[in-house]
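Containing mmCIF, C-alpha atoms: start_13.cif.
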data_entry
loop_
_atom_site.label_atom_id
_atom_site.label_comp_id
_atom_site.auth_asym_id
_atom_site.auth_seq_id
_atom_site.Cartn_x
_atom_site.Cartn_y
_atom_site.Cartn_z
CA MET A 1 2.71 -14.07 31.73
CA CYS A 2 1.24 -16.10 28.90
CA VAL A 3 -1.91 -15.26 27.04
CA GLU A 4 -4.96 -17.24 28.04
CA ALA A 5 -5.38 -20.17 25.65
CA THR A 6 -8.78 -19.13 24.35
CA PRO A 7 -9.21 -19.08 20.59
CA PRO A 8 -10.13 -15.86 18.82
CA PRO A 9 -13.82 -15.46 17.98
CA PRO A 10 -15.01 -17.06 14.74
CA GLY A 11 -14.16 -14.99 11.68
CA ARG A 12 -17.76 -14.66 10.60
CA LEU A 13 -18.64 -12.87 13.84
CA THR A 14 -15.84 -10.36 13.77
CA ARG A 15 -16.27 -9.82 10.05
CA ARG A 16 -19.87 -8.86 10.69
CA GLY A 17 -18.64 -6.07 12.92
CA VAL A 18 -16.16 -4.92 10.31
CA LEU A 19 -18.78 -4.82 7.59
CA ALA A 20 -21.18 -2.96 9.84
CA GLY A 21 -18.45 -0.37 10.34
CA ALA A 22 -17.90 -0.22 6.61
CA ALA A 23 -21.60 0.40 6.06
CA ALA A 24 -21.58 3.24 8.57
CA LEU A 25 -18.48 4.72 6.97
CA ALA A 26 -19.99 4.49 3.51
CA GLY A 27 -23.25 6.00 4.72
CA THR A 28 -21.45 9.01 6.16
CA VAL A 29 -19.71 9.67 2.89
CA ALA A 30 -22.78 9.00 0.77
CA ALA A 31 -24.62 11.80 2.50
CA ALA A 32 -21.92 14.24 1.44
CA ARG A 33 -21.16 13.13 -2.09
CA SER A 34 -23.00 14.31 -5.14
CA ALA A 35 -24.79 12.51 -7.94
CA ALA A 36 -25.38 8.86 -8.46
CA ALA A 37 -22.82 6.52 -7.06
CA ALA A 38 -21.02 4.40 -9.54
CA PRO A 39 -20.14 0.85 -8.75
CA SER A 40 -16.97 -1.07 -8.11
CA ASP A 41 -14.61 -3.33 -9.89
CA GLY A 42 -14.88 -5.78 -7.02
CA GLY A 43 -11.12 -5.93 -6.67
CA THR A 44 -10.34 -7.13 -3.17
CA ALA A 45 -7.33 -9.21 -2.36
CA PRO A 46 -7.75 -12.99 -2.21
CA GLY A 47 -8.97 -14.19 1.16
CA SER A 48 -10.37 -10.82 2.19
CA ALA A 49 -13.53 -10.48 4.22
CA GLY A 50 -15.09 -8.29 1.56
CA ARG A 51 -16.51 -11.20 -0.39
CA HIS A 52 -18.72 -12.02 2.62
CA ALA A 53 -20.44 -8.64 2.51
CA SER A 54 -24.20 -8.62 2.26
CA HIS A 55 -24.13 -5.87 -0.37
CA PRO A 56 -23.13 -6.84 -3.92
CA ALA A 57 -19.96 -5.32 -5.32
CA ALA A 58 -20.95 -2.91 -8.07
CA ARG A 59 -19.37 -3.48 -11.46
CA GLY A 60 -17.82 -0.12 -12.30
CA ALA A 61 -18.57 2.37 -15.03
CA SER A 62 -17.97 2.57 -18.78
CA LEU A 63 -15.75 5.24 -20.27
CA VAL A 64 -13.64 5.97 -23.34
CA ILE A 65 -10.37 7.85 -22.84
CA GLU A 66 -9.24 9.11 -26.21
CA GLY A 67 -6.63 11.27 -27.87
CA GLY A 68 -3.88 11.08 -25.25
CA THR A 69 -0.37 9.62 -25.30
CA LEU A 70 -0.49 6.27 -23.53
CA LEU A 71 2.47 4.90 -21.55
CA ASP A 72 2.62 1.18 -20.77
CA PRO A 73 4.99 0.84 -17.79
CA ALA A 74 5.45 -2.89 -18.38
CA THR A 75 7.03 -2.46 -21.82
CA GLY A 76 7.89 1.22 -21.91
CA ASP A 77 5.86 1.51 -25.13
CA VAL A 78 4.34 4.90 -25.91
CA THR A 79 1.21 5.11 -28.06
CA GLU A 80 0.21 8.49 -29.42
CA ASN A 81 -3.42 9.40 -30.15
CA ALA A 82 -4.47 6.42 -28.06
CA VAL A 83 -7.91 5.11 -27.18
CA VAL A 84 -8.71 3.20 -23.98
CA VAL A 85 -12.15 1.58 -23.82
CA ILE A 86 -13.40 0.76 -20.31
CA GLU A 87 -16.58 -1.27 -19.86
CA ALA A 88 -18.07 -2.00 -16.44
CA GLY A 89 -14.84 -0.91 -14.76
CA THR A 90 -12.53 -3.11 -16.86
CA VAL A 91 -10.36 -2.27 -19.87
CA ARG A 92 -11.80 -3.97 -22.97
CA ALA A 93 -9.66 -2.46 -25.72
CA VAL A 94 -6.54 -0.30 -26.11
CA GLY A 95 -4.79 1.04 -29.19
CA ARG A 96 -4.18 3.88 -31.57
CA ARG A 97 -7.25 5.82 -32.68
CA GLY A 98 -8.75 4.12 -35.73
CA SER A 99 -7.62 0.65 -34.65
CA VAL A 100 -10.08 0.39 -31.76
CA THR A 101 -13.85 0.16 -32.02
CA VAL A 102 -15.42 2.78 -29.78
CA PRO A 103 -18.83 1.78 -28.40
CA ARG A 104 -21.74 4.12 -28.96
CA ASN A 105 -23.37 6.15 -26.24
CA THR A 106 -20.40 5.82 -23.87
CA GLU A 107 -19.05 8.75 -21.90
CA THR A 108 -15.82 10.09 -23.39
CA LEU A 109 -12.89 11.73 -21.66
CA ASP A 110 -10.82 13.86 -24.04
CA ALA A 111 -7.11 13.40 -23.24
CA GLN A 112 -5.73 15.13 -26.32
CA GLY A 113 -2.41 16.83 -25.58
CA ARG A 114 -2.06 14.88 -22.34
CA TRP A 115 -0.42 11.63 -21.19
CA VAL A 116 -2.38 8.63 -19.97
CA LEU A 117 -0.99 6.16 -17.42
CA PRO A 118 -2.49 3.41 -15.27
CA GLY A 119 -3.57 4.43 -11.81
CA LEU A 120 -0.71 4.38 -9.32
CA VAL A 121 -0.19 2.07 -6.34
CA ASP A 122 0.81 3.30 -2.87
CA ALA A 123 2.26 0.20 -1.22
CA HIS A 124 2.52 1.72 2.26
CA ILE A 125 -0.17 4.10 3.49
CA HIS A 126 -2.25 4.49 6.65
CA LEU A 127 -5.89 5.24 5.79
CA SER A 128 -7.98 5.70 8.92
CA THR A 129 -10.78 7.96 7.64
CA ALA A 130 -13.02 8.35 4.62
CA THR A 131 -11.43 11.74 3.96
CA GLU A 132 -7.95 10.24 3.79
CA ALA A 133 -9.17 7.51 1.46
CA ARG A 134 -10.75 10.07 -0.85
CA ASP A 135 -7.63 12.24 -0.83
CA ALA A 136 -5.42 9.28 -1.74
CA VAL A 137 -7.46 8.23 -4.74
CA ARG A 138 -7.82 11.79 -6.01
CA GLN A 139 -4.04 12.17 -5.92
CA GLY A 140 -3.67 9.17 -8.19
CA ALA A 141 -3.33 6.23 -5.78
CA THR A 142 -6.11 4.06 -7.19
CA SER A 143 -4.71 0.99 -5.42
CA ALA A 144 -2.87 0.78 -2.10
CA ARG A 145 -1.62 -1.43 0.71
CA SER A 146 -2.27 -0.41 4.28
CA GLY A 147 0.58 -0.03 6.73
CA SER A 148 -1.90 -0.84 9.56
CA THR A 149 -4.54 1.14 11.44
CA ALA A 150 -5.35 1.28 15.15
CA PHE A 151 -8.92 -0.04 15.01
CA PHE A 152 -9.28 -1.96 11.72
CA GLN A 153 -10.40 1.16 9.84
CA ASP A 154 -8.48 -0.06 6.81
CA VAL A 155 -10.68 -3.16 6.58
CA ALA A 156 -13.70 -0.86 6.42
CA VAL A 157 -12.00 1.35 3.82
CA ARG A 158 -11.41 -1.76 1.71
CA GLU A 159 -15.14 -2.51 1.81
CA LEU A 160 -15.97 1.11 0.99
CA ALA A 161 -13.77 0.85 -2.10
CA ARG A 162 -15.58 -2.25 -3.30
CA HIS A 163 -18.97 -0.63 -3.67
CA SER A 164 -17.96 3.03 -4.06
CA PRO A 165 -14.60 2.98 -5.86
CA GLU A 166 -14.61 6.71 -6.50
CA LEU A 167 -14.27 7.22 -2.74
CA ALA A 168 -11.25 5.04 -1.97
CA PRO A 169 -8.33 3.13 -3.45
CA ARG A 170 -8.59 -0.60 -3.92
CA LEU A 171 -7.00 -1.51 -0.59
CA THR A 172 -5.01 -4.42 0.78
CA ALA A 173 -5.72 -4.18 4.52
CA ALA A 174 -3.18 -4.90 7.27
CA GLY A 175 -5.45 -4.56 10.29
CA VAL A 176 -3.66 -3.71 13.55
CA PHE A 177 0.08 -3.51 14.13
CA VAL A 178 1.85 -6.49 15.71
CA THR A 179 4.03 -4.46 18.08
CA PRO A 180 5.22 -4.87 21.69
CA ASP A 181 3.03 -2.04 23.02
CA LEU A 182 -0.46 -2.12 21.58
CA GLY A 183 -1.57 0.94 23.53
CA GLU A 184 -5.20 1.83 22.83
CA THR A 185 -5.34 -0.86 20.14
CA VAL A 186 -6.15 -3.40 22.86
CA LEU A 187 -9.68 -1.99 22.53
CA ALA A 188 -9.85 -2.76 18.80
CA ASP A 189 -11.22 -6.23 19.48
CA PRO A 190 -12.43 -7.91 22.69
CA ASP A 191 -9.99 -10.74 22.12
CA LEU A 192 -7.05 -8.33 22.42
CA THR A 193 -8.00 -6.94 25.83
CA THR A 194 -6.28 -9.71 27.80
CA LEU A 195 -2.98 -8.55 26.30
CA ALA A 196 -3.21 -5.28 28.24
CA ARG A 197 -2.07 -6.99 31.44
CA LEU A 198 1.10 -8.51 29.98
CA LYS A 199 3.99 -6.90 31.88
CA ASP A 200 6.42 -7.22 28.98
CA GLY A 201 3.91 -6.47 26.24
CA VAL A 202 3.28 -8.52 23.12
CA ARG A 203 6.48 -10.56 23.06
CA SER A 204 5.74 -14.18 23.93
CA ALA A 205 4.95 -16.66 21.18
CA GLU A 206 1.38 -16.92 22.46
CA ALA A 207 0.85 -13.17 22.46
CA LEU A 208 2.34 -12.74 18.99
CA ARG A 209 0.13 -15.49 17.61
CA ARG A 210 -2.90 -13.94 19.29
CA VAL A 211 -2.54 -10.60 17.52
CA VAL A 212 -1.99 -12.33 14.17
CA GLN A 213 -5.00 -14.57 14.72
CA VAL A 214 -7.26 -11.66 15.59
CA ASN A 215 -6.09 -9.86 12.44
CA LEU A 216 -6.90 -12.92 10.36
CA ALA A 217 -10.32 -13.25 11.99
CA ARG A 218 -11.06 -9.62 11.22
CA GLY A 219 -10.23 -10.15 7.55
CA ALA A 220 -6.73 -8.64 7.23
CA ASP A 221 -5.07 -9.32 3.87
CA VAL A 222 -1.51 -8.94 5.20
CA ILE A 223 0.18 -8.69 8.59
CA LYS A 224 2.26 -5.67 9.66
CA THR A 225 4.98 -5.87 12.30
CA ARG A 226 8.20 -4.13 13.26
CA VAL A 227 11.77 -5.00 14.16
CA ASN A 228 12.92 -1.49 15.15
CA GLU A 229 11.53 1.53 16.96
CA ARG A 230 10.08 4.50 15.06
CA ALA A 231 12.00 7.23 13.25
CA GLY A 232 9.17 9.74 13.51
CA LEU A 233 9.20 9.97 17.31
CA PRO A 234 12.15 11.96 18.71
CA GLU A 235 12.17 10.00 21.97
CA GLN A 236 12.66 6.67 20.17
CA ASP A 237 15.84 5.22 18.65
CA PRO A 238 15.04 3.80 15.19
CA LEU A 239 18.09 1.53 15.41
CA ALA A 240 16.91 -0.12 18.65
CA GLN A 241 15.60 -3.63 17.96
CA VAL A 242 12.28 -4.61 19.55
CA TYR A 243 11.79 -8.14 18.17
CA SER A 244 14.34 -10.91 17.73
CA HIS A 245 14.73 -13.20 14.74
CA GLU A 246 12.87 -15.88 16.69
CA GLN A 247 9.94 -13.58 17.46
CA LEU A 248 9.74 -12.38 13.85
CA SER A 249 9.76 -16.00 12.68
CA GLU A 250 6.83 -16.71 14.99
CA ILE A 251 4.86 -13.84 13.42
CA VAL A 252 5.70 -14.96 9.88
CA ALA A 253 4.73 -18.56 10.65
CA ALA A 254 1.39 -17.51 12.17
CA ALA A 255 0.65 -15.32 9.15
CA ARG A 256 1.56 -18.10 6.71
CA ARG A 257 -0.80 -20.50 8.44
CA GLY A 258 -3.51 -18.05 7.45
CA GLY A 259 -2.14 -17.71 3.92
CA LYS A 260 -0.83 -14.16 4.49
CA GLY A 261 2.48 -12.37 4.05
CA VAL A 262 4.19 -9.94 6.42
CA LEU A 263 5.47 -6.40 5.92
CA CYS A 264 8.04 -5.26 8.45
CA HIS A 265 8.99 -1.78 9.70
CA SER A 266 12.81 -1.88 9.80
CA TYR A 267 15.81 0.44 10.04
CA SER A 268 18.96 -1.10 11.48
CA GLU A 269 21.30 -3.36 9.52
CA GLN A 270 20.83 -6.29 11.89
CA GLY A 271 17.11 -5.70 12.22
CA CYS A 272 16.68 -5.71 8.45
CA HIS A 273 18.66 -8.93 8.17
CA ASP A 274 16.68 -10.64 10.93
CA ALA A 275 13.40 -9.61 9.32
CA VAL A 276 14.36 -10.81 5.84
CA THR A 277 15.77 -14.14 7.00
CA ALA A 278 12.66 -14.67 9.14
CA GLY A 279 10.70 -14.75 5.88
CA ILE A 280 8.91 -11.41 5.59
CA ARG A 281 7.35 -10.47 2.25
CA SER A 282 8.50 -6.84 2.20
CA LEU A 283 10.98 -4.66 4.06
CA GLU A 284 9.61 -1.20 4.94
CA HIS A 285 11.87 1.87 5.32
CA GLY A 286 15.13 -0.12 5.61
CA ALA A 287 17.53 2.84 5.67
CA PHE A 288 20.54 0.88 6.91
CA VAL A 289 19.89 -2.37 5.09
CA GLY A 290 23.24 -4.02 4.36
CA GLU A 291 24.64 -5.61 1.23
CA ARG A 292 24.34 -9.14 2.65
CA THR A 293 20.66 -8.53 3.31
CA LEU A 294 20.06 -7.11 -0.17
CA HIS A 295 21.59 -10.24 -1.68
CA GLU A 296 19.29 -12.31 0.53
CA MET A 297 16.31 -10.23 -0.56
CA ARG A 298 17.20 -10.80 -4.21
CA ARG A 299 17.47 -14.54 -3.61
CA ARG A 300 14.15 -14.73 -1.76
CA GLY A 301 12.23 -12.22 -3.88
CA THR A 302 11.67 -9.99 -0.83
CA TYR A 303 10.38 -6.53 -1.75
CA PHE A 304 11.85 -3.24 -0.60
CA THR A 305 9.42 -0.39 0.16
CA PRO A 306 11.77 2.44 1.23
CA THR A 307 9.13 5.16 1.88
CA LEU A 308 11.53 7.89 0.81
CA THR A 309 8.70 10.41 1.11
CA ALA A 310 8.41 9.84 4.85
CA ILE A 311 12.14 10.08 5.47
CA ALA A 312 12.44 13.21 3.31
CA GLY A 313 9.57 14.67 5.31
CA LEU A 314 11.59 14.39 8.51
CA THR A 315 14.07 16.93 7.14
CA GLU A 316 11.28 19.53 7.22
CA SER A 317 10.34 18.84 10.84
CA THR A 318 10.37 21.67 13.37
CA ASP A 319 11.77 19.20 15.89
CA PRO A 320 15.59 19.42 15.67
CA VAL A 321 16.05 15.72 16.50
CA LEU A 322 13.74 14.64 13.69
CA ALA A 323 15.16 17.13 11.21
CA GLU A 324 18.71 15.92 11.86
CA ARG A 325 17.54 12.33 11.66
CA GLY A 326 16.00 13.00 8.28
CA ARG A 327 19.13 14.70 6.97
CA THR A 328 21.22 11.76 8.13
CA TYR A 329 18.93 8.95 6.98
CA LEU A 330 17.82 10.24 3.58
CA PRO A 331 21.13 9.98 1.69
CA VAL A 332 21.79 6.57 3.27
CA LEU A 333 18.37 5.37 2.15
CA GLU A 334 18.86 6.76 -1.35
CA ARG A 335 22.07 4.77 -1.67
CA ALA A 336 20.28 1.66 -0.41
CA VAL A 337 17.54 2.11 -3.01
CA LEU A 338 20.03 2.45 -5.84
CA ALA A 339 22.03 -0.55 -4.62
CA ALA A 340 18.86 -2.64 -4.32
CA HIS A 341 17.78 -1.70 -7.82
CA GLY A 342 21.21 -2.54 -9.20
CA MET A 343 21.08 -5.98 -7.57
CA GLY A 344 17.61 -6.72 -8.87
CA VAL A 345 15.76 -6.43 -5.55
CA PRO A 346 12.11 -5.65 -6.39
CA LEU A 347 11.09 -2.14 -5.32
CA ALA A 348 7.65 -0.79 -4.46
CA ALA A 349 6.64 2.83 -3.93
CA GLY A 350 4.96 3.83 -0.67
CA THR A 351 4.48 7.20 1.00
CA ASP A 352 3.82 6.06 4.60
CA SER A 353 1.20 8.82 4.76
CA SER A 354 -0.58 8.96 8.11
CA GLY A 355 -2.12 11.27 10.67
CA GLY A 356 -4.55 12.96 8.30
CA THR A 357 -1.95 14.09 5.76
CA VAL A 358 -1.97 12.14 2.49
CA ARG A 359 1.12 12.73 0.40
CA PRO A 360 0.91 12.12 -3.36
CA ILE A 361 2.37 8.81 -4.46
CA GLY A 362 3.90 10.75 -7.34
CA ARG A 363 6.28 12.30 -4.82
CA GLU A 364 7.66 8.85 -4.02
CA VAL A 365 8.25 8.21 -7.72
CA GLU A 366 10.06 11.53 -7.93
CA LEU A 367 12.32 10.54 -5.02
CA MET A 368 12.97 7.11 -6.56
CA HIS A 369 14.21 8.93 -9.65
CA ALA A 370 16.30 11.29 -7.52
CA ALA A 371 17.91 8.22 -5.91
CA GLY A 372 19.18 7.14 -9.33
CA LEU A 373 16.42 5.15 -11.05
CA SER A 374 15.49 6.04 -14.61
CA PRO A 375 12.11 7.76 -15.01
CA LEU A 376 10.55 4.55 -16.40
CA ASP A 377 11.97 2.35 -13.63
CA ALA A 378 10.82 4.87 -11.03
CA ILE A 379 7.30 4.80 -12.51
CA ARG A 380 7.36 1.00 -12.40
CA THR A 381 7.82 1.07 -8.62
CA ALA A 382 4.33 2.64 -8.37
CA THR A 383 2.73 0.55 -11.13
CA THR A 384 3.87 -2.91 -12.21
CA GLY A 385 6.30 -3.42 -9.31
CA ALA A 386 3.91 -2.46 -6.53
CA ALA A 387 1.11 -4.40 -8.26
CA ARG A 388 3.20 -7.59 -8.08
CA LEU A 389 3.84 -7.02 -4.39
CA LEU A 390 0.09 -6.77 -3.78
CA GLY A 391 -0.61 -9.85 -5.91
CA LEU A 392 -2.49 -7.71 -8.43
CA GLU A 393 -0.10 -7.92 -11.38
CA ARG A 394 -2.78 -9.36 -13.68
CA THR A 395 -5.25 -6.54 -13.08
CA VAL A 396 -3.36 -3.46 -11.82
CA GLY A 397 -0.38 -1.43 -13.04
CA ARG A 398 -1.17 -1.33 -16.78
CA LEU A 399 -3.92 -0.17 -19.10
CA ALA A 400 -4.31 -3.37 -21.10
CA ARG A 401 -7.22 -5.63 -21.95
CA GLY A 402 -8.59 -7.30 -18.83
CA PHE A 403 -6.96 -4.83 -16.44
CA THR A 404 -8.94 -2.58 -14.14
CA GLY A 405 -10.10 0.73 -15.58
CA ASP A 406 -7.97 2.93 -13.33
CA ALA A 407 -6.01 5.74 -14.99
CA ILE A 408 -4.32 9.05 -14.37
CA ILE A 409 -4.20 11.86 -16.93
CA LEU A 410 -1.12 14.11 -16.87
CA ASP A 411 -0.51 17.50 -18.43
CA GLY A 412 2.94 16.49 -19.70
CA ASP A 413 5.43 13.72 -20.37
CA PRO A 414 6.35 11.92 -17.11
CA LEU A 415 9.37 10.36 -18.79
CA ALA A 416 10.76 13.88 -19.21
CA ASP A 417 9.58 15.11 -15.79
CA VAL A 418 8.41 12.53 -13.24
CA ALA A 419 7.27 15.39 -10.97
CA ARG A 420 4.15 15.62 -13.15
CA LEU A 421 2.89 12.50 -11.39
CA LYS A 422 2.38 14.52 -8.20
CA LYS A 423 -0.56 16.46 -9.62
CA PRO A 424 -2.68 14.44 -12.06
CA ALA A 425 -4.99 16.56 -14.20
CA ARG A 426 -7.66 13.85 -13.91
CA VAL A 427 -8.03 10.50 -12.19
CA VAL A 428 -10.21 7.63 -13.38
CA ARG A 429 -11.21 4.96 -10.88
CA ALA A 430 -12.93 1.82 -12.21
CA GLY A 431 -14.12 3.78 -15.24
CA ILE A 432 -15.38 6.68 -13.13
CA PRO A 433 -13.74 10.05 -13.96
CA LEU A 434 -13.10 12.02 -10.76
#
Have the structure of the file written as structure tokens, please.
Amino acid sequence: MCVEATPPPPGRLTRRGVLAGAAALAGTVAAARSAAAAPSDGGTAPGSAGRHASHPAARGASLVIEGGTLLDPATGDVTENAVVVIEAGTVRAVGRRGSVTVPRNTETLDAQGRWVLPGLVDAHIHLSTATEARDAVRQGATSARSGSTAFFQDVAVRELARHSPELAPRLTAAGVFVTPDLGETVLADPDLTTLARLKDGVRSAEALRRVVQVNLARGADVIKTRVNERAGLPEQDPLAQVYSHEQLSEIVAAARRGGKGVLCHSYSEQGCHDAVTAGIRSLEHGAFVGERTLHEMRRRGTYFTPTLTAIAGLTESTDPVLAERGRTYLPVLERAVLAAHGMGVPLAAGTDSSGGTVRPIGREVELMHAAGLSPLDAIRTATTGAARLLGLERTVGRLARGFTGDAIILDGDPLADVARLKKPARVVRAGIPL
């Protein structure tokens, strides 16, 4: 059965609903938080619905971080006794103490004896509640990319982050999953409800385009789909392919017409290859990605987000099927990560946190290092590398003039022990110390 040929509702109408949800979400949190809210850096991804909000994006706070040892992931340079001047949520000056003019009457954060890094980026996370968003940013993920939500909650979280950055990471929203079985997600938008009666699920070209179009109308920044079943459900086979190369190409083409890229949940060797050659922007999980596909990814500039944290988490499952799956997949994925890095495939760190549990993005960096990356290269996967994937490389991933005033303060040298990234001593979001 084909989908009825009715166009999705105009974007301005559905966006209004999203922004109303964001306002309700923000209001709930505002009642619980203390003190005066600080403003935002206004950093939403290009084309996002956030710029249509009726509320103005707040500018961010001013802060001086001084006395710490500053690491620039882009260059690897280390500056001792450093000063970082943040004004209205943006870095205005950086350098050794004495070489930087410190403005008067500005709040100061003493980082002496500690290390200072840019805020980290979680390139694959599922944020469905205000609590999850708060937990992510307080664990150092000051920017993130959604791996989809069931009812467009990530679009609302993105709006929350714009005007209350201390409550959420700067978020690139994926909207709802383009998957054969939408389940309860058919209720996420009235224009999806007709898909509930499709006997074979969301598989036809019309149905695939419909879900992408609704996502675009609701203000999604990227599109999320899958080529394989899930690893985290014991009854599913993660190597079973659910979409063909032709179907994936249809999704990619529909996303491109809206100016968006696609991230794709993948596991099997053939599935990974089909997804990459269909034109996706980033391969997610990808445990059994083959050498031919890695070469293709290098040629195309396709990113690899392995979500080692999620696969390592399977090994701790009480379900014997999942635990064995984790033990089998993790070493294979580690080898894939090291091979990708050696070939020059761009890597991005992502935890795949979901279901109310937010894992620290620092854990993913730790696992990248365990897979064979140097400490600096592992840190880059959660800073400069992930920032490029999100299209934020000019504002995120470094503490340099013109970049956003997001930082993490660590109790020790992350180049000597990357595990320190898992528990930042302090987090600064848009100039606001948390």
Using only C-alpha atoms, list the residues that have an atom at most 7 Å from (0.1, -3.5, -10.1), coordinates as in the file, as a PyMOL selection string. chain A and resi 121+383-388+392-393+395-397
Okay, now the selection with C-alpha atoms, as a short mmCIF file (atom, residue, chain, number, x, y, z; two decimals), in the coordinates of the input?
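So the final result, stored in result22.cif, reads:
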data_model
loop_
_atom_site.label_atom_id
_atom_site.label_comp_id
_atom_site.auth_asym_id
_atom_site.auth_seq_id
_atom_site.Cartn_x
_atom_site.Cartn_y
_atom_site.Cartn_z
CA VAL A 121 -0.19 2.07 -6.34
CA THR A 383 2.73 0.55 -11.13
CA THR A 384 3.87 -2.91 -12.21
CA GLY A 385 6.30 -3.42 -9.31
CA ALA A 386 3.91 -2.46 -6.53
CA ALA A 387 1.11 -4.40 -8.26
CA ARG A 388 3.20 -7.59 -8.08
CA LEU A 392 -2.49 -7.71 -8.43
CA GLU A 393 -0.10 -7.92 -11.38
CA THR A 395 -5.25 -6.54 -13.08
CA VAL A 396 -3.36 -3.46 -11.82
CA GLY A 397 -0.38 -1.43 -13.04
#
Tell me which protein, DNA and RNA residues are within 10 Å of Asp377 (chain A), counting only C-alpha atoms, leaving out same-chain ones fewer than 2 positions away, and put them as a ChimeraX atom specification. /A:73-74,76,341,347,365,368-369,372-375,379-385,415
Identify, on the basis of only C-alpha atoms, every residue whose closest approach to Gln112 (chain A) does not exceed 8 Å; exclude the query and any residue fewer than 6 positions from it along the same chain; express the result as a ChimeraX atom specification. /A:66-69,81
Here is a test: counting all atoms listed in the file, which residue of A:Val332, A:Leu239, A:Val178, A:Met343 is nearest to His295 (chain A)?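 Going through A:Val332, A:Leu239, A:Val178, A:Met343 one by one, the smallest distance to His295 (chain A) is for A:Met343.
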Could you tell me which residues the PyMOL selection byres ((chain A and resi 200) around 12) grabs in this file, written as a PyMOL selection string? chain A and resi 1-3+179-182+195-199+201-204+207+242
Counting all atoms listed in the file, the residue of A:His285, A:Arg97, A:Arg299, A:Ile361 that sits nearest Arg138 (chain A):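 For Arg138 (chain A), the nearest of the given residues is A:Ile361.
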Which one is closest to Thr79 (chain A): A:Pro424, A:Leu399, A:Arg325, A:Arg363? Count all atoms listed in the file.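 Smallest separation from Thr79 (chain A) among the options: A:Leu399.
Relative to CA of Ala82 (chain A), CA of Pro169 (chain A) is found at 25.1 Å.
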Taking the file as shown, find all residues satisfying the PyMOL selection byres ((chain A and resi 152) around 8) and write them as a count of residues only. 13
I'd like the residues picked by the PyMOL selection byres ((chain A and resi 214) around 8) written out as an mmCIF file with C-alpha atoms, in the frame of the given file, using the chain letters and numbers from the file.
data_model
loop_
_atom_site.group_PDB
_atom_site.id
_atom_site.type_symbol
_atom_site.label_atom_id
_atom_site.label_comp_id
_atom_site.auth_asym_id
_atom_site.auth_seq_id
_atom_site.Cartn_x
_atom_site.Cartn_y
_atom_site.Cartn_z
ATOM 1 C CA PRO A 8 -10.130 -15.860 18.820
ATOM 2 C CA PRO A 9 -13.820 -15.460 17.980
ATOM 3 C CA ASP A 189 -11.220 -6.230 19.480
ATOM 4 C CA ASP A 191 -9.990 -10.740 22.120
ATOM 5 C CA LEU A 192 -7.050 -8.330 22.420
ATOM 6 C CA ARG A 210 -2.900 -13.940 19.290
ATOM 7 C CA VAL A 211 -2.540 -10.600 17.520
ATOM 8 C CA VAL A 212 -1.990 -12.330 14.170
ATOM 9 C CA GLN A 213 -5.000 -14.570 14.720
ATOM 10 C CA ASN A 215 -6.090 -9.860 12.440
ATOM 11 C CA LEU A 216 -6.900 -12.920 10.360
ATOM 12 C CA ALA A 217 -10.320 -13.250 11.990
ATOM 13 C CA ARG A 218 -11.060 -9.620 11.220
#
Distance of CA of Tyr329 (chain A) from CA of Leu390 (chain A), expressed in Å to one decimal place: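 So the two atoms, CA of Leu390 (chain A) and CA of Tyr329 (chain A), lie 26.8 Å apart.
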Selected residue, from A:Arg256, A:Lys422, A:Arg114, A:His265, that lies nearest to Tyr243 (chain A) when counting all atoms listed in the file: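 Of all the options, A:His265 lies closest to Tyr243 (chain A).
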Between A:Ala378, A:Ala144, A:Ala61, A:Val358, which is the closest to Thr129 (chain A) once you count all atoms listed in the file?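 Of all the options, A:Val358 lies closest to Thr129 (chain A).
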Using only C-alpha atoms, find the one residue out of A:Gly350, A:Gly261, A:Gly60, A:Gly95 that sits nearest to Thr307 (chain A).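 The closest residue to Thr307 (chain A) is A:Gly350.
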Distance query Tyr303 (chain A) at most 7 Å, all atoms listed in the file, self and fewer than 4 positions along chain excluded, as a list of chain:residue names: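 Within the cut-off, the hits are A:Arg281, A:Ser282, A:Leu283, A:Val345, A:Pro346, A:Leu347, A:Ala348.
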Find the spatial neighbours of Tyr267 (chain A), counting only C-alpha atoms, within a cut-off of 8 Å - ignore same-chain residues fewer than 6 positions away - and output them as a PDB file with C-alpha atoms, keeping the file's coordinate frame.
ATOM      1  CA  VAL A 227      11.770  -5.000  14.160  1.00  0.00           C
ATOM      2  CA  ASN A 228      12.920  -1.490  15.150  1.00  0.00           C
ATOM      3  CA  PRO A 238      15.040   3.800  15.190  1.00  0.00           C
ATOM      4  CA  LEU A 239      18.090   1.530  15.410  1.00  0.00           C
ATOM      5  CA  HIS A 285      11.870   1.870   5.320  1.00  0.00           C
ATOM      6  CA  GLY A 286      15.130  -0.120   5.610  1.00  0.00           C
ATOM      7  CA  ALA A 287      17.530   2.840   5.670  1.00  0.00           C
ATOM      8  CA  PHE A 288      20.540   0.880   6.910  1.00  0.00           C
ATOM      9  CA  VAL A 289      19.890  -2.370   5.090  1.00  0.00           C
TER      10      VAL A 289
END
As an exercise, work out the distance from CA of Glu269 (chain A) to CA of Phe304 (chain A) in Å and give it to one decimal place.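 Distance between the two atoms: 13.8 Å.
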Considering all atoms listed in the file, return as a VMD selection string whatever protein or nucleic-acid residues lie within 6 Å of Val262 (chain A), sequence-local ones (same chain, fewer than 4 positions apart) excluded. chain A and resid 222 to 224 280 to 281
Hey, could you pull the box centre and edge lengths for region 210-217 of chain A, axis-aligned, 8 Å padding per side, all listed atoms, to one decimal in Å, as JSON?
{"center_x": -6.2, "center_y": -12.2, "center_z": 14.8, "size_x": 24.3, "size_y": 20.7, "size_z": 24.9}
